[in-house]
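Dumped structure-v4.tsv below, it's TSV, C-alpha atoms:
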chain	number	residue	atom	x	y	z
R	1	MET	CA	19.69	12.82	32.73
R	2	THR	CA	18.15	15.96	31.27
R	3	ARG	CA	19.50	16.87	27.86
R	4	LYS	CA	20.43	20.43	27.02
R	5	LEU	CA	18.27	20.55	23.93
R	6	THR	CA	15.26	22.85	24.35
R	7	LEU	CA	12.58	23.93	21.94
R	8	ALA	CA	10.13	26.80	21.94
R	9	ALA	CA	6.67	25.63	20.91
R	10	GLY	CA	5.84	28.93	19.26
R	11	GLY	CA	8.74	28.56	16.84
R	12	VAL	CA	7.87	25.14	15.49
R	13	VAL	CA	6.58	24.87	11.93
R	14	ALA	CA	4.44	21.82	11.26
R	15	ALA	CA	5.27	19.95	8.07
R	16	ALA	CA	2.51	17.51	7.22
R	17	SER	CA	-0.31	17.13	4.78
R	18	ALA	CA	-2.10	14.38	2.93
R	19	VAL	CA	-0.03	11.26	2.49
R	20	ALA	CA	0.45	9.45	-0.79
R	21	VAL	CA	0.93	5.72	-1.22
R	22	LEU	CA	1.66	3.40	-4.09
R	23	TRP	CA	-0.47	0.41	-5.05
R	24	SER	CA	-1.08	-1.46	-8.25
R	25	GLN	CA	-1.10	-4.85	-9.92
R	26	GLY	CA	2.63	-5.61	-10.35
R	27	PRO	CA	6.13	-5.18	-8.86
R	28	ALA	CA	6.33	-2.52	-6.22
R	29	VAL	CA	7.59	1.03	-6.35
R	30	PRO	CA	8.74	2.34	-2.96
R	31	ALA	CA	6.85	5.43	-1.82
R	32	THR	CA	10.21	6.79	-0.77
R	33	ALA	CA	11.53	6.47	-4.31
R	34	ALA	CA	10.32	8.17	-7.46
R	35	SER	CA	12.29	5.94	-9.81
R	36	ARG	CA	14.42	2.83	-10.08
R	37	ALA	CA	17.62	2.56	-8.09
R	38	ALA	CA	20.65	4.37	-9.34
R	39	THR	CA	23.52	2.21	-10.58
R	40	THR	CA	26.32	4.35	-9.13
R	41	PRO	CA	28.64	2.69	-6.58
R	42	VAL	CA	27.64	2.53	-2.93
R	43	THR	CA	29.29	5.34	-0.99
R	44	GLY	CA	28.95	3.82	2.48
R	45	VAL	CA	31.62	1.87	4.31
R	46	ASN	CA	31.46	-1.71	3.03
R	47	LYS	CA	32.66	-4.83	4.86
R	48	ASN	CA	31.87	-8.42	3.87
R	49	GLY	CA	28.90	-7.33	1.80
R	50	VAL	CA	27.52	-5.10	4.56
R	51	SER	CA	27.14	-1.39	3.83
R	52	ALA	CA	27.20	1.07	6.73
R	53	PHE	CA	25.97	4.64	6.41
R	54	PRO	CA	26.15	7.28	9.18
R	55	LEU	CA	22.78	8.89	9.92
R	56	ALA	CA	23.40	11.08	12.97
R	57	PRO	CA	26.55	9.78	14.67
R	58	SER	CA	27.66	12.86	16.63
R	59	ASP	CA	25.99	14.62	19.54
R	60	ALA	CA	25.42	17.66	17.34
R	61	ASP	CA	23.80	15.50	14.65
R	62	GLU	CA	21.57	13.84	17.23
R	63	GLN	CA	20.42	17.17	18.67
R	64	ARG	CA	19.69	18.54	15.19
R	65	VAL	CA	17.49	15.56	14.31
R	66	ALA	CA	15.78	15.61	17.69
R	67	ALA	CA	14.96	19.29	17.29
R	68	TYR	CA	13.49	18.65	13.84
R	69	TRP	CA	10.94	16.13	15.14
R	70	SER	CA	9.36	18.47	17.65
R	71	PRO	CA	6.10	17.50	19.38
R	72	GLU	CA	4.15	19.75	17.05
R	73	ARG	CA	5.72	18.39	13.89
R	74	LEU	CA	5.11	14.79	14.95
R	75	LYS	CA	1.49	15.51	15.85
R	76	GLN	CA	0.87	17.24	12.54
R	77	ALA	CA	2.61	14.52	10.57
R	78	SER	CA	0.30	11.92	12.07
R	79	SER	CA	-2.98	13.78	11.70
R	80	TYR	CA	-3.75	13.45	7.99
R	81	VAL	CA	-5.53	10.74	6.03
R	82	PRO	CA	-3.51	9.00	3.28
R	83	SER	CA	-4.48	9.49	-0.36
R	84	THR	CA	-3.85	7.10	-3.23
R	85	LYS	CA	-1.15	7.48	-5.86
R	86	PRO	CA	-1.28	4.83	-8.63
R	87	SER	CA	1.91	3.08	-9.69
R	88	PRO	CA	2.67	1.16	-12.90
R	89	SER	CA	0.71	-2.02	-13.55
R	90	THR	CA	1.99	-4.83	-11.30
R	91	LYS	CA	0.78	-7.35	-8.73
R	92	SER	CA	2.69	-6.16	-5.67
R	93	THR	CA	3.33	-2.83	-3.98
R	94	THR	CA	5.30	-1.39	-1.10
R	95	SER	CA	3.64	0.34	1.79
R	96	ALA	CA	5.72	3.32	2.81
R	97	VAL	CA	3.73	6.47	3.49
R	98	GLU	CA	4.61	9.94	2.27
R	99	VAL	CA	3.94	13.09	4.28
R	100	GLY	CA	4.43	16.30	2.29
R	101	PRO	CA	4.46	19.99	3.20
R	102	GLY	CA	1.07	21.24	4.29
R	103	ASP	CA	-0.55	23.08	7.18
R	104	ALA	CA	2.08	25.47	8.53
R	105	LYS	CA	0.13	26.67	11.56
R	106	THR	CA	1.93	26.28	14.87
R	107	ARG	CA	0.15	25.01	17.94
R	108	THR	CA	1.25	25.74	21.47
R	109	GLY	CA	-0.79	23.25	23.50
R	110	ALA	CA	1.02	20.69	25.61
R	111	PRO	CA	1.20	17.11	24.31
R	112	ARG	CA	-1.75	14.91	25.21
R	113	ALA	CA	-1.30	12.47	28.06
R	114	ALA	CA	-0.23	9.10	26.80
R	115	ALA	CA	-2.85	6.37	26.80
R	116	PRO	CA	-1.73	2.74	26.75
R	117	PRO	CA	-1.78	0.94	23.39
R	118	PRO	CA	-3.86	-2.22	22.97
R	119	VAL	CA	-2.83	-4.96	25.40
R	120	ALA	CA	-1.76	-7.35	22.64
R	121	SER	CA	0.52	-4.83	20.94
R	122	PRO	CA	4.22	-5.65	21.43
R	123	PRO	CA	5.85	-2.57	23.02
R	124	MET	CA	8.89	-2.88	20.75
R	125	VAL	CA	6.84	-2.23	17.57
R	126	GLY	CA	6.65	1.37	16.40
R	127	LYS	CA	7.00	3.89	13.62
R	128	VAL	CA	10.03	5.43	11.95
R	129	PHE	CA	9.86	8.99	10.65
R	130	PHE	CA	12.37	10.39	8.14
R	131	LYS	CA	12.95	12.83	5.28
R	132	VAL	CA	13.73	12.31	1.61
R	133	GLY	CA	14.48	15.62	-0.06
R	134	ASP	CA	11.91	18.12	1.17
R	135	LYS	CA	9.28	15.54	2.11
R	136	GLU	CA	8.60	13.58	5.29
R	137	TYR	CA	7.72	9.90	5.34
R	138	TRP	CA	6.96	7.18	7.85
R	139	CYS	CA	7.12	3.39	7.99
R	140	SER	CA	6.79	0.60	10.55
R	141	ALA	CA	9.68	-0.97	12.49
R	142	SER	CA	10.61	-2.85	15.67
R	143	ALA	CA	13.39	-3.21	18.22
R	144	VAL	CA	15.52	-6.34	17.80
R	145	HIS	CA	17.90	-7.70	20.43
R	146	SER	CA	21.59	-6.79	20.36
R	147	ALA	CA	24.40	-6.75	22.90
R	148	HIS	CA	24.25	-2.96	23.11
R	149	ARG	CA	20.42	-2.93	23.33
R	150	ASN	CA	20.15	-0.23	20.67
R	151	LEU	CA	19.01	-1.88	17.41
R	152	VAL	CA	15.97	-1.36	15.15
R	153	ALA	CA	14.86	-3.52	12.21
R	154	THR	CA	12.88	-2.08	9.29
R	155	ALA	CA	12.63	-2.25	5.50
R	156	GLY	CA	15.58	-1.11	3.42
R	157	HIS	CA	13.38	1.34	1.50
R	158	CYS	CA	12.45	2.92	4.86
R	159	ALA	CA	16.05	3.94	5.49
R	160	TYR	CA	17.75	4.29	2.10
R	161	ALA	CA	16.31	6.46	-0.70
R	162	LEU	CA	16.88	4.51	-3.91
R	163	SER	CA	15.83	7.47	-6.06
R	164	GLN	CA	18.61	9.60	-4.58
R	165	ASP	CA	21.07	6.75	-3.99
R	166	LYS	CA	21.74	7.78	-0.40
R	167	PRO	CA	20.38	7.29	3.11
R	168	VAL	CA	17.29	9.16	4.23
R	169	GLN	CA	17.58	12.13	6.58
R	170	ASN	CA	16.37	12.84	10.11
R	171	TRP	CA	15.56	9.18	10.84
R	172	VAL	CA	13.92	8.48	14.23
R	173	PHE	CA	12.17	5.47	15.77
R	174	ILE	CA	9.16	5.82	18.08
R	175	PRO	CA	8.29	2.52	19.78
R	176	GLY	CA	4.69	2.09	20.88
R	177	TYR	CA	3.57	5.05	18.76
R	178	HIS	CA	-0.19	5.54	18.78
R	179	ASP	CA	-2.52	8.44	18.00
R	180	GLY	CA	0.26	11.00	17.80
R	181	VAL	CA	1.76	9.95	21.15
R	182	ALA	CA	5.32	8.70	21.82
R	183	PRO	CA	4.77	6.85	25.14
R	184	SER	CA	8.25	5.33	25.33
R	185	GLY	CA	10.31	8.13	23.85
R	186	ILE	CA	12.00	9.01	20.56
R	187	PHE	CA	15.23	7.33	19.41
R	188	VAL	CA	17.45	9.06	16.85
R	189	GLY	CA	19.16	6.83	14.29
R	190	HIS	CA	22.94	6.61	14.61
R	191	THR	CA	24.12	4.31	11.76
R	192	LEU	CA	22.31	2.38	9.02
R	193	TYR	CA	23.43	-1.16	8.13
R	194	MET	CA	22.17	-3.01	5.07
R	195	GLN	CA	23.19	-5.62	2.52
R	196	GLU	CA	25.19	-4.01	-0.26
R	197	ASP	CA	22.88	-5.19	-3.06
R	198	PHE	CA	19.95	-3.12	-1.85
R	199	ALA	CA	21.77	0.19	-1.92
R	200	GLY	CA	23.84	-0.76	-4.96
R	201	GLN	CA	21.23	-2.49	-7.14
R	202	GLY	CA	17.80	-1.94	-5.59
R	203	ASP	CA	17.51	-5.71	-4.99
R	204	PHE	CA	14.33	-6.35	-2.99
R	205	ASP	CA	15.63	-9.74	-1.87
R	206	ARG	CA	17.71	-7.50	0.41
R	207	ASP	CA	14.99	-5.01	1.37
R	208	TYR	CA	15.86	-4.97	5.08
R	209	ALA	CA	17.84	-2.63	7.28
R	210	PHE	CA	19.19	-2.56	10.82
R	211	VAL	CA	19.71	0.83	12.43
R	212	THR	CA	21.57	1.56	15.66
R	213	VAL	CA	20.01	4.33	17.72
R	214	HIS	CA	21.09	6.76	20.42
R	215	ARG	CA	19.61	6.73	23.89
R	216	GLY	CA	16.02	7.87	23.71
R	217	PHE	CA	14.44	11.09	24.88
R	218	SER	CA	10.99	12.45	25.56
R	219	TRP	CA	9.76	16.00	25.23
R	220	GLN	CA	8.97	17.54	28.64
R	221	PRO	CA	6.84	20.71	28.49
R	222	TYR	CA	7.59	23.69	30.72
R	223	VAL	CA	6.75	27.41	30.82
R	224	GLU	CA	9.37	30.14	30.77
R	225	ASN	CA	8.43	33.83	30.78
R	226	GLY	CA	4.88	32.87	29.91
R	227	ARG	CA	5.93	30.86	26.88
R	228	LEU	CA	5.52	27.10	26.46
R	229	LYS	CA	8.76	25.29	25.70
R	230	TYR	CA	10.00	21.71	25.64
R	231	ARG	CA	13.15	20.12	26.98
R	232	ALA	CA	14.51	16.72	25.94
R	233	VAL	CA	14.67	14.29	28.86
R	234	ASP	CA	16.66	11.07	28.65
R	235	VAL	CA	14.67	7.80	28.75
R	236	GLY	CA	17.54	5.32	28.43
R	237	ARG	CA	18.49	2.61	25.95
R	238	LEU	CA	15.90	1.27	23.55
R	239	GLU	CA	15.82	-2.38	24.61
R	240	ASP	CA	15.92	-1.46	28.30
R	241	LYS	CA	12.84	0.65	27.72
R	242	VAL	CA	10.63	-1.57	25.52
R	243	GLY	CA	12.30	-4.96	25.15
R	244	ALA	CA	13.10	-6.50	21.76
R	245	PHE	CA	12.38	-9.41	19.45
R	246	ARG	CA	15.07	-12.05	19.03
R	247	PHE	CA	16.62	-12.35	15.57
R	248	ALA	CA	16.24	-15.60	13.62
R	249	SER	CA	17.26	-16.59	10.09
R	250	GLY	CA	17.18	-19.65	7.86
R	251	LYS	CA	13.79	-20.81	9.09
R	252	PRO	CA	11.72	-23.15	6.86
R	253	LEU	CA	8.75	-21.84	4.92
R	254	GLY	CA	5.16	-22.70	5.79
R	255	ARG	CA	5.33	-21.50	9.41
R	256	PRO	CA	2.65	-19.83	11.56
R	257	THR	CA	3.59	-16.15	11.63
R	258	TYR	CA	2.36	-12.88	13.16
R	259	VAL	CA	2.87	-9.63	11.26
R	260	PHE	CA	2.65	-6.22	12.96
R	261	GLY	CA	2.60	-2.73	11.47
R	262	TYR	CA	0.85	0.58	10.89
R	263	PRO	CA	-1.15	0.16	7.66
R	264	ALA	CA	-2.77	3.40	6.57
R	265	GLY	CA	-3.24	3.69	2.82
R	266	ALA	CA	-6.08	3.04	0.42
R	267	ASN	CA	-6.92	-0.23	-1.27
R	268	PRO	CA	-7.13	-0.28	-5.07
R	269	ASP	CA	-10.88	0.33	-4.74
R	270	GLY	CA	-10.28	3.44	-2.63
R	271	SER	CA	-11.42	1.95	0.68
R	272	ARG	CA	-9.37	2.79	3.77
R	273	PRO	CA	-9.69	0.14	6.46
R	274	TYR	CA	-6.82	1.50	8.58
R	275	THR	CA	-5.74	4.87	9.97
R	276	GLY	CA	-2.06	4.26	10.68
R	277	GLN	CA	-2.52	5.56	14.23
R	278	THR	CA	-2.24	2.26	16.11
R	279	VAL	CA	-0.43	-1.05	15.73
R	280	LYS	CA	-2.38	-3.67	13.78
R	281	SER	CA	-1.63	-7.36	13.37
R	282	CYS	CA	-2.49	-10.24	11.08
R	283	ASP	CA	-1.45	-13.86	11.31
R	284	GLY	CA	-1.47	-17.08	9.34
R	285	THR	CA	0.84	-19.62	7.75
R	286	THR	CA	3.35	-18.49	5.14
R	287	GLU	CA	3.34	-20.12	1.71
R	288	LYS	CA	5.61	-23.14	1.24
R	289	LYS	CA	7.33	-21.77	-1.86
R	290	PHE	CA	9.21	-18.58	-2.63
R	291	VAL	CA	7.53	-15.82	-4.65
R	292	SER	CA	9.07	-13.37	-7.10
R	293	ALA	CA	8.56	-9.85	-8.40
R	294	PRO	CA	11.04	-9.56	-11.31
R	295	THR	CA	10.77	-5.80	-11.74
R	296	TRP	CA	12.33	-5.39	-8.31
R	297	GLN	CA	14.74	-8.34	-8.54
R	298	LEU	CA	12.78	-10.22	-5.90
R	299	GLU	CA	13.34	-13.96	-6.34
R	300	HIS	CA	13.06	-15.34	-2.81
R	301	GLY	CA	10.13	-13.58	-1.18
R	302	VAL	CA	8.16	-15.20	1.64
R	303	ARG	CA	4.46	-14.43	1.32
R	304	LEU	CA	1.65	-14.49	3.88
R	305	PRO	CA	-1.73	-14.72	2.12
R	306	GLY	CA	-4.84	-13.37	3.75
R	307	CYS	CA	-3.14	-10.37	5.37
R	308	PRO	CA	-4.99	-7.25	4.11
R	309	PHE	CA	-2.40	-4.66	5.15
R	310	THR	CA	-2.16	-1.50	3.06
R	311	ALA	CA	0.44	1.27	2.76
R	312	GLY	CA	2.24	2.12	6.00
R	313	ALA	CA	3.01	-1.49	6.96
R	314	SER	CA	6.47	-1.52	5.33
R	315	GLY	CA	9.20	-2.43	7.81
R	316	GLY	CA	6.82	-4.03	10.30
R	317	PRO	CA	8.09	-7.23	11.97
R	318	TRP	CA	7.27	-10.83	11.04
R	319	VAL	CA	7.38	-12.87	14.23
R	320	ILE	CA	7.32	-16.61	14.91
R	321	GLY	CA	6.79	-18.10	18.36
R	322	TYR	CA	4.90	-14.97	19.35
R	323	SER	CA	3.48	-14.97	22.88
R	324	ALA	CA	0.62	-12.60	23.64
R	325	ALA	CA	1.42	-12.98	27.33
R	326	THR	CA	5.06	-11.91	27.09
R	327	ARG	CA	4.53	-9.90	23.88
R	328	THR	CA	7.73	-11.12	22.26
R	329	GLY	CA	9.03	-13.77	19.85
R	330	TYR	CA	11.55	-14.28	17.03
R	331	LEU	CA	11.98	-11.79	14.18
R	332	THR	CA	12.12	-13.70	10.87
R	333	GLY	CA	11.19	-10.97	8.38
R	334	ILE	CA	9.90	-7.46	7.73
R	335	THR	CA	7.03	-6.35	5.51
R	336	SER	CA	8.45	-5.29	2.15
R	337	LEU	CA	5.58	-5.65	-0.35
R	338	THR	CA	1.80	-5.81	-0.26
R	339	TRP	CA	-0.04	-7.91	-2.88
R	340	ASN	CA	-3.33	-7.99	-4.73
R	341	LEU	CA	-3.54	-11.71	-5.46
R	342	SER	CA	-7.22	-11.80	-6.35
R	343	GLY	CA	-7.02	-8.87	-8.76
R	344	GLY	CA	-10.01	-7.33	-6.96
R	345	GLY	CA	-10.35	-4.10	-5.07
R	346	ARG	CA	-8.58	-5.14	-1.87
R	347	LEU	CA	-4.99	-5.98	-1.07
R	348	ASP	CA	-4.82	-9.51	0.32
R	349	ALA	CA	-1.23	-10.57	1.07
R	350	VAL	CA	2.15	-9.28	2.28
R	351	SER	CA	5.69	-10.51	1.73
R	352	THR	CA	9.14	-10.25	3.26
R	353	PRO	CA	12.61	-10.94	1.91
R	354	TYR	CA	13.83	-14.33	3.15
R	355	PHE	CA	16.09	-13.87	6.18
R	356	ASN	CA	19.20	-15.94	5.40
R	357	GLN	CA	22.96	-15.92	6.08
R	358	LEU	CA	23.37	-12.58	4.29
R	359	THR	CA	20.70	-11.05	6.54
R	360	GLU	CA	22.38	-12.49	9.61
R	361	ARG	CA	25.69	-11.00	8.50
R	362	VAL	CA	24.12	-7.52	8.37
R	363	TYR	CA	22.40	-8.02	11.73
R	364	THR	CA	25.61	-9.26	13.35
R	365	GLN	CA	27.66	-6.33	12.06
R	366	ALA	CA	25.05	-3.82	13.25
R	367	GLY	CA	24.88	-5.49	16.65
R	368	LYS	CA	28.56	-4.81	17.30
R	369	GLN	CA	28.13	-1.05	17.38
R	370	GLY	CA	27.61	0.67	20.70
R	371	THR	CA	26.04	4.13	20.88
R	372	ASP	CA	25.77	6.77	23.57
Show this structure as structure tokens.
Amino acid sequence: MTRKLTLAAGGVVAAASAVAVLWSQGPAVPATAASRAATTPVTGVNKNGVSAFPLAPSDADEQRVAAYWSPERLKQASSYVPSTKPSPSTKSTTSAVEVGPGDAKTRTGAPRAAAPPPVASPPMVGKVFFKVGDKEYWCSASAVHSAHRNLVATAGHCAYALSQDKPVQNWVFIPGYHDGVAPSGIFVGHTLYMQEDFAGQGDFDRDYAFVTVHRGFSWQPYVENGRLKYRAVDVGRLEDKVGAFRFASGKPLGRPTYVFGYPAGANPDGSRPYTGQTVKSCDGTTEKKFVSAPTWQLEHGVRLPGCPFTAGASGGPWVIGYSAATRTGYLTGITSLTWNLSGGGRLDAVSTPYFNQLTERVYTQAGKQGTD
């Protein structure tokens, strides 16, 4: 199926510049939020503790978001090196990445041919791009199995702007993203599902989100009257295209775990070991006790020491039973915070909220929704 949406390359305005991240020695401040969560009531539909917020539910909404993330805008948004933005003194930080207004030059060249990502990279891991106010951001995410084969898991702060007390805008998921390329298509978010205490209280024990997505599309270049344009071409349902992790909750601590994501930001000492252009992984055994970050109401965090991920890894999947041969496994968490345990110049641990019955309730509710 070829979608009716078309885009003229010459009319696209790129919207990216240096990215800013937050790191420090203490409880995290989301890069998507300038302040603590608002205390006003949640405005989304609420059922059994699950809040649902429409992102782009109609065909018109989907086409508007798709048009916003043109090939040129995505390439520009991925082409800058993150810069550091200090946060208040704490021992943990989030790792969302901010992309602000910058180079406004348009480029009319066709997208580069897609090159395959590293063999060990699970195809269902990717990036999410979105807007908060007048700024663009990105995080990590992954496809998770559902009956309708249309579900993405990420961090709550990568889908809901605590500073504005409302969902982000123009949310899209790009599985397999690497080096500015979307090899498996772009999937526009339909509806956001999360536990009510994240949106309502900014509780980082609930810093997870499940987002249903529309059928994906890819930008196909063509020339009309001597002018390069793009048309959106259907690529099918998310899970049919890239597969998905299986959801799991209530697992014991102290388990061997793989963590995937797109770290990109600076360490406290200013070093930048990652570019955010390809999927990275770390692995080890999670600690056998819960960790806390009181400033962000985190009481039951699961921490993986020895993982040096920096900003950009937020929302990336935590996987047990991972098989490099089949490139799949069971999703038991998402990266929420990065930690500086040693107090030195390098980040050295990551943590996830504990996936429990409340998490499963959100996942189950999201999995019931079909999309076009």
Closest-contact table, segment 147-225 of chain R side, partner segment 319-338 of chain R, 10 Å, counting all atoms listed in the file, as CSV:
residue,atom,partner,partner_atom,distance
R:Ala153,CA,R:Ile334,CA,7.8
R:Thr154,CA,R:Ile334,CA,6.3
R:Ala155,CA,R:Ser336,CA,6.2
R:Gly156,CA,R:Ser336,CA,8.4
R:His157,CA,R:Ser336,CA,8.3
R:Cys158,CA,R:Ser336,CA,9.5
R:Phe204,CA,R:Ser336,CA,7.9
R:Asp205,CA,R:Ser336,CA,9.4
R:Arg206,CA,R:Ser336,CA,9.7
R:Asp207,CA,R:Ser336,CA,6.6
R:Tyr208,CA,R:Ile334,CA,7.0
R:Ala209,CA,R:Ile334,CA,9.3
Distance in Å - atom CA of Pro221 of chain R versus atom CA of Val125 of chain R: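 Here the two named atoms are 25.4 Å from each other.
Comparing the minimum interatomic distances between Pro353 of chain R and each of R:Gln195, R:Asn150, R:Thr285, R:Gln201, counting only C-alpha atoms, we find that R:Gln195 sits nearest.
Relative to atom CA of Lys229 of chain R, atom CA of Cys139 of chain R is found at 28.2 Å.
As for atom CA of Arg215 of chain R and atom CA of Val242 of chain R, they are spaced 12.3 Å apart.
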Report the centre and edge lengths, in Å to one decimal, of an axis-aligned box enclosing every atom of segment 248-262 of chain R listed in the file, padded by 8 Å on each side, as AutoDock Vina command-line options.
--center_x 9.1 --center_y -11.3 --center_z 9.3 --size_x 32.4 --size_y 39.7 --size_z 24.7
Under the rule that only C-alpha atoms are counted, which of R:Tyr177, R:Phe187, R:Phe130, R:Phe210 is the nearest residue to Thr278 of chain R?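 Going through R:Tyr177, R:Phe187, R:Phe130, R:Phe210 one by one, the smallest distance to Thr278 of chain R is for R:Tyr177.
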Which is closer to Thr352 of chain R than all the others in R:Phe129, R:Trp219, R:Trp318, R:Tyr160, using all atoms listed in the file?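 Ranking R:Phe129, R:Trp219, R:Trp318, R:Tyr160 by distance to Thr352 of chain R, first place goes to R:Trp318.
Ranking R:Gly301, R:Pro252, R:Pro308, R:Pro123 by their shortest atom-to-atom distance to Pro273 of chain R, with all atoms listed in the file included, puts R:Pro308 first.
Distances to Thr364 of chain R were evaluated for R:Ala248, R:Ala199, R:Val168, R:Val128 using only C-alpha atoms, and the minimum falls at R:Ala248.
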Closest of R:Gln297, R:Thr275, R:Ser351, R:Gln369 to Val211 of chain R - atom-to-atom distances counting all atoms listed in the file: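 Under the stated criterion, the closest residue is R:Gln369.
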Quick one: residues within 10 Å of Glu287 of chain R, only C-alpha atoms counted, chain neighbours fewer than 2 positions away excluded, as an mmCIF file with C-alpha atoms, in the frame of the given file?
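Wrote part.cif, looks like this:
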data_model
loop_
_atom_site.group_PDB
_atom_site.id
_atom_site.type_symbol
_atom_site.label_atom_id
_atom_site.label_comp_id
_atom_site.auth_asym_id
_atom_site.auth_seq_id
_atom_site.Cartn_x
_atom_site.Cartn_y
_atom_site.Cartn_z
ATOM 1 C CA LEU R 253 8.750 -21.840 4.920
ATOM 2 C CA GLY R 254 5.160 -22.700 5.790
ATOM 3 C CA ARG R 255 5.330 -21.500 9.410
ATOM 4 C CA PRO R 256 2.650 -19.830 11.560
ATOM 5 C CA GLY R 284 -1.470 -17.080 9.340
ATOM 6 C CA THR R 285 0.840 -19.620 7.750
ATOM 7 C CA LYS R 289 7.330 -21.770 -1.860
ATOM 8 C CA PHE R 290 9.210 -18.580 -2.630
ATOM 9 C CA VAL R 291 7.530 -15.820 -4.650
ATOM 10 C CA GLY R 301 10.130 -13.580 -1.180
ATOM 11 C CA VAL R 302 8.160 -15.200 1.640
ATOM 12 C CA ARG R 303 4.460 -14.430 1.320
ATOM 13 C CA LEU R 304 1.650 -14.490 3.880
ATOM 14 C CA PRO R 305 -1.730 -14.720 2.120
ATOM 15 C CA SER R 351 5.690 -10.510 1.730
#
